[in-house]
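S.K.: Got a structure for you, written out below as structure tokens; questions coming shortly.
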Amino acid sequence: MSILVHLYYTGMNGNARKFAEEMEASGTAEAIRKERGNLQYEYFFPKNDSETVLLIDQWENQEAIDLHHATDMMNTIILLRDKYELHMKVERFLSDEAGIPASDIKHIRE
């Protein structure tokens with residue numbers, strides 16, 4: 001069962017976007033993508049909120065998240081969050097092992 005995490009980073013004066021840009025430019029985001037158990041690590045920018053960045057972060061299981069949280073990389077992330085004075089909202093979702101129900105599939109265009 002994979003774990004999908006939505007992290008909403010919110011700041012002022014474009015700081016959330018600057019944070020995401022520095023995470024990418026520094027190679028930190030790419031290093032996280034290469035960690036064992038990471039399935040997705042992507043930043044998105046809400047159209048109607050220029051002060052928020054959404055990080056979609058997916059892991060194979062809680063053990064993979066715990067290993068990630070124990071890395072030195074977390075110190076880098078914490079320092080950058082502090083540098084840009086960001087606040088966070090977090091949502092966690094567990095994968096549905098049963099998959100997409102047939103009643104929903106008919107509404108999906110591939």
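Residues are named by chain letter and number: chains run A, B, ... in the order of the structure tokens, numbers start at 1 in each chain, and ligands are numbered from 1 in the order shown.
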Do you know which residues are at most 12 Å from A:Thr76 counting only C-alpha atoms, after dropping those on the same chain fewer than 3 positions away, and could you put them as an MDAnalysis selection string?
M.R.: chainID A and resid 19 22:23 26:29 31:32 69:73 79:83
S.K.: My list of candidates is A:Glu30, A:Asp66, A:Glu35, A:Glu91. Which is closest to A:Leu54 when distances are computed with only C-alpha atoms?
M.R.: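 For A:Leu54, the nearest of the given residues is A:Glu91.
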S.K.: Could you write out, as number ranges by chain, all the residues of chain A that DSSP marks as helix (DSSP H, G or I)?
M.R.: A: 15-25, 28-33, 62-69, 73-83, 102-105
S.K.: Please produce an output containing N, CA and C atoms for each residue in the selection, written as a compact mmCIF listing (two decimals), in the first residue's frame.
M.R.:
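Written output follows (result.txt):
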# COMPACT_ATOMS: atom_id res chain seq x y z
N ASN A 15 7.81 33.39 -1.98
CA ASN A 15 8.79 32.54 -1.30
C ASN A 15 8.54 31.04 -1.49
N ALA A 16 7.28 30.64 -1.61
CA ALA A 16 7.01 29.21 -1.80
C ALA A 16 7.57 28.74 -3.14
N ARG A 17 7.38 29.54 -4.17
CA ARG A 17 7.92 29.21 -5.49
C ARG A 17 9.46 29.24 -5.47
N LYS A 18 10.03 30.22 -4.77
CA LYS A 18 11.49 30.30 -4.66
C LYS A 18 12.04 29.05 -3.96
N PHE A 19 11.33 28.59 -2.93
CA PHE A 19 11.73 27.37 -2.24
C PHE A 19 11.76 26.19 -3.21
N ALA A 20 10.68 26.00 -3.96
CA ALA A 20 10.61 24.89 -4.92
C ALA A 20 11.72 25.00 -5.96
N GLU A 21 11.96 26.21 -6.44
CA GLU A 21 13.01 26.43 -7.44
C GLU A 21 14.39 26.09 -6.87
N GLU A 22 14.64 26.45 -5.62
CA GLU A 22 15.93 26.13 -5.00
C GLU A 22 16.06 24.63 -4.73
N MET A 23 14.96 24.00 -4.35
CA MET A 23 14.98 22.53 -4.17
C MET A 23 15.38 21.84 -5.47
N GLU A 24 14.86 22.32 -6.58
CA GLU A 24 15.19 21.74 -7.89
C GLU A 24 16.61 22.11 -8.32
N ALA A 25 16.96 23.39 -8.25
CA ALA A 25 18.27 23.86 -8.72
C ALA A 25 19.42 23.26 -7.92
N THR A 28 18.46 18.81 -4.67
CA THR A 28 17.85 18.12 -3.52
C THR A 28 16.60 17.35 -3.95
N ALA A 29 15.75 17.96 -4.76
CA ALA A 29 14.53 17.27 -5.20
C ALA A 29 14.89 16.02 -6.01
N GLU A 30 15.87 16.12 -6.88
CA GLU A 30 16.26 14.95 -7.68
C GLU A 30 16.85 13.85 -6.80
N ALA A 31 17.59 14.23 -5.79
CA ALA A 31 18.15 13.23 -4.87
C ALA A 31 17.03 12.50 -4.13
N ILE A 32 15.98 13.22 -3.77
CA ILE A 32 14.85 12.59 -3.10
C ILE A 32 14.16 11.61 -4.04
N ARG A 33 14.00 12.01 -5.32
CA ARG A 33 13.38 11.12 -6.31
C ARG A 33 14.14 9.81 -6.46
N GLN A 62 5.35 3.32 4.77
CA GLN A 62 5.78 4.19 5.86
C GLN A 62 7.28 4.03 6.15
N GLU A 63 7.80 2.83 6.00
CA GLU A 63 9.23 2.61 6.23
C GLU A 63 10.07 3.49 5.31
N ALA A 64 9.67 3.60 4.05
CA ALA A 64 10.41 4.45 3.11
C ALA A 64 10.37 5.91 3.55
N ILE A 65 9.21 6.36 4.03
CA ILE A 65 9.10 7.74 4.53
C ILE A 65 9.98 7.93 5.75
N ASP A 66 9.97 6.97 6.67
CA ASP A 66 10.79 7.07 7.87
C ASP A 66 12.27 7.13 7.52
N LEU A 67 12.71 6.33 6.56
CA LEU A 67 14.11 6.36 6.12
C LEU A 67 14.45 7.72 5.52
N HIS A 68 13.53 8.26 4.72
CA HIS A 68 13.73 9.60 4.14
C HIS A 68 13.85 10.65 5.23
N HIS A 69 12.98 10.58 6.23
CA HIS A 69 13.01 11.56 7.32
C HIS A 69 14.30 11.47 8.15
N MET A 73 19.31 14.98 4.25
CA MET A 73 18.57 15.82 3.33
C MET A 73 17.42 16.56 4.03
N MET A 74 16.85 15.93 5.04
CA MET A 74 15.77 16.58 5.78
C MET A 74 16.25 17.88 6.44
N ASN A 75 17.50 17.90 6.89
CA ASN A 75 18.05 19.13 7.47
C ASN A 75 18.10 20.23 6.42
N THR A 76 18.49 19.86 5.19
CA THR A 76 18.53 20.81 4.09
C THR A 76 17.13 21.37 3.83
N ILE A 77 16.13 20.49 3.79
CA ILE A 77 14.76 20.92 3.55
C ILE A 77 14.27 21.85 4.66
N ILE A 78 14.54 21.49 5.90
CA ILE A 78 14.12 22.31 7.04
C ILE A 78 14.76 23.68 6.99
N LEU A 79 16.05 23.73 6.66
CA LEU A 79 16.74 25.02 6.56
C LEU A 79 16.15 25.88 5.45
N LEU A 80 15.81 25.27 4.32
CA LEU A 80 15.20 26.02 3.23
C LEU A 80 13.80 26.50 3.59
N ARG A 81 13.03 25.67 4.28
CA ARG A 81 11.69 26.10 4.72
C ARG A 81 11.81 27.31 5.65
N ASP A 82 12.80 27.26 6.54
CA ASP A 82 13.02 28.38 7.46
C ASP A 82 13.50 29.62 6.69
N LYS A 83 14.40 29.42 5.74
CA LYS A 83 14.94 30.53 4.94
C LYS A 83 13.81 31.29 4.25
N ALA A 102 -15.11 -0.07 -11.56
CA ALA A 102 -15.63 -0.03 -12.92
C ALA A 102 -16.56 1.16 -13.12
N SER A 103 -17.31 1.52 -12.09
CA SER A 103 -18.23 2.66 -12.20
C SER A 103 -17.49 3.98 -12.43
N ASP A 104 -16.24 4.05 -12.02
CA ASP A 104 -15.44 5.25 -12.25
C ASP A 104 -14.67 5.19 -13.57
N ILE A 105 -14.26 4.00 -13.97
CA ILE A 105 -13.46 3.84 -15.17
C ILE A 105 -14.16 4.39 -16.40
S.K.: Residues of chain A classed as strand (DSSP E or B) by DSSP on the backbone are to be reported as number ranges by chain.
M.R.: A: 3-10, 38-44, 52-59, 87-94
S.K.: Show which residues sit within 7 Å of A:Tyr9, as a ChimeraX atom specification. Count only C-alpha atoms, and ignore same-chain residues fewer than 5 positions away.
M.R.: /A:16,52-54,86-89
S.K.: Between A:Gln58, A:Asn48, A:Lys34, A:Gly14, which one has atoms that come closest to A:Phe93, using only C-alpha atoms?
M.R.: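 Smallest separation from A:Phe93 among the options: A:Gln58.
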S.K.: Tell me, in Å to one decimal, how far atom CA of A:Glu110 is from atom CA of A:Asn38.
M.R.: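 Atom CA of A:Asn38 lies 25.1 Å from atom CA of A:Glu110.
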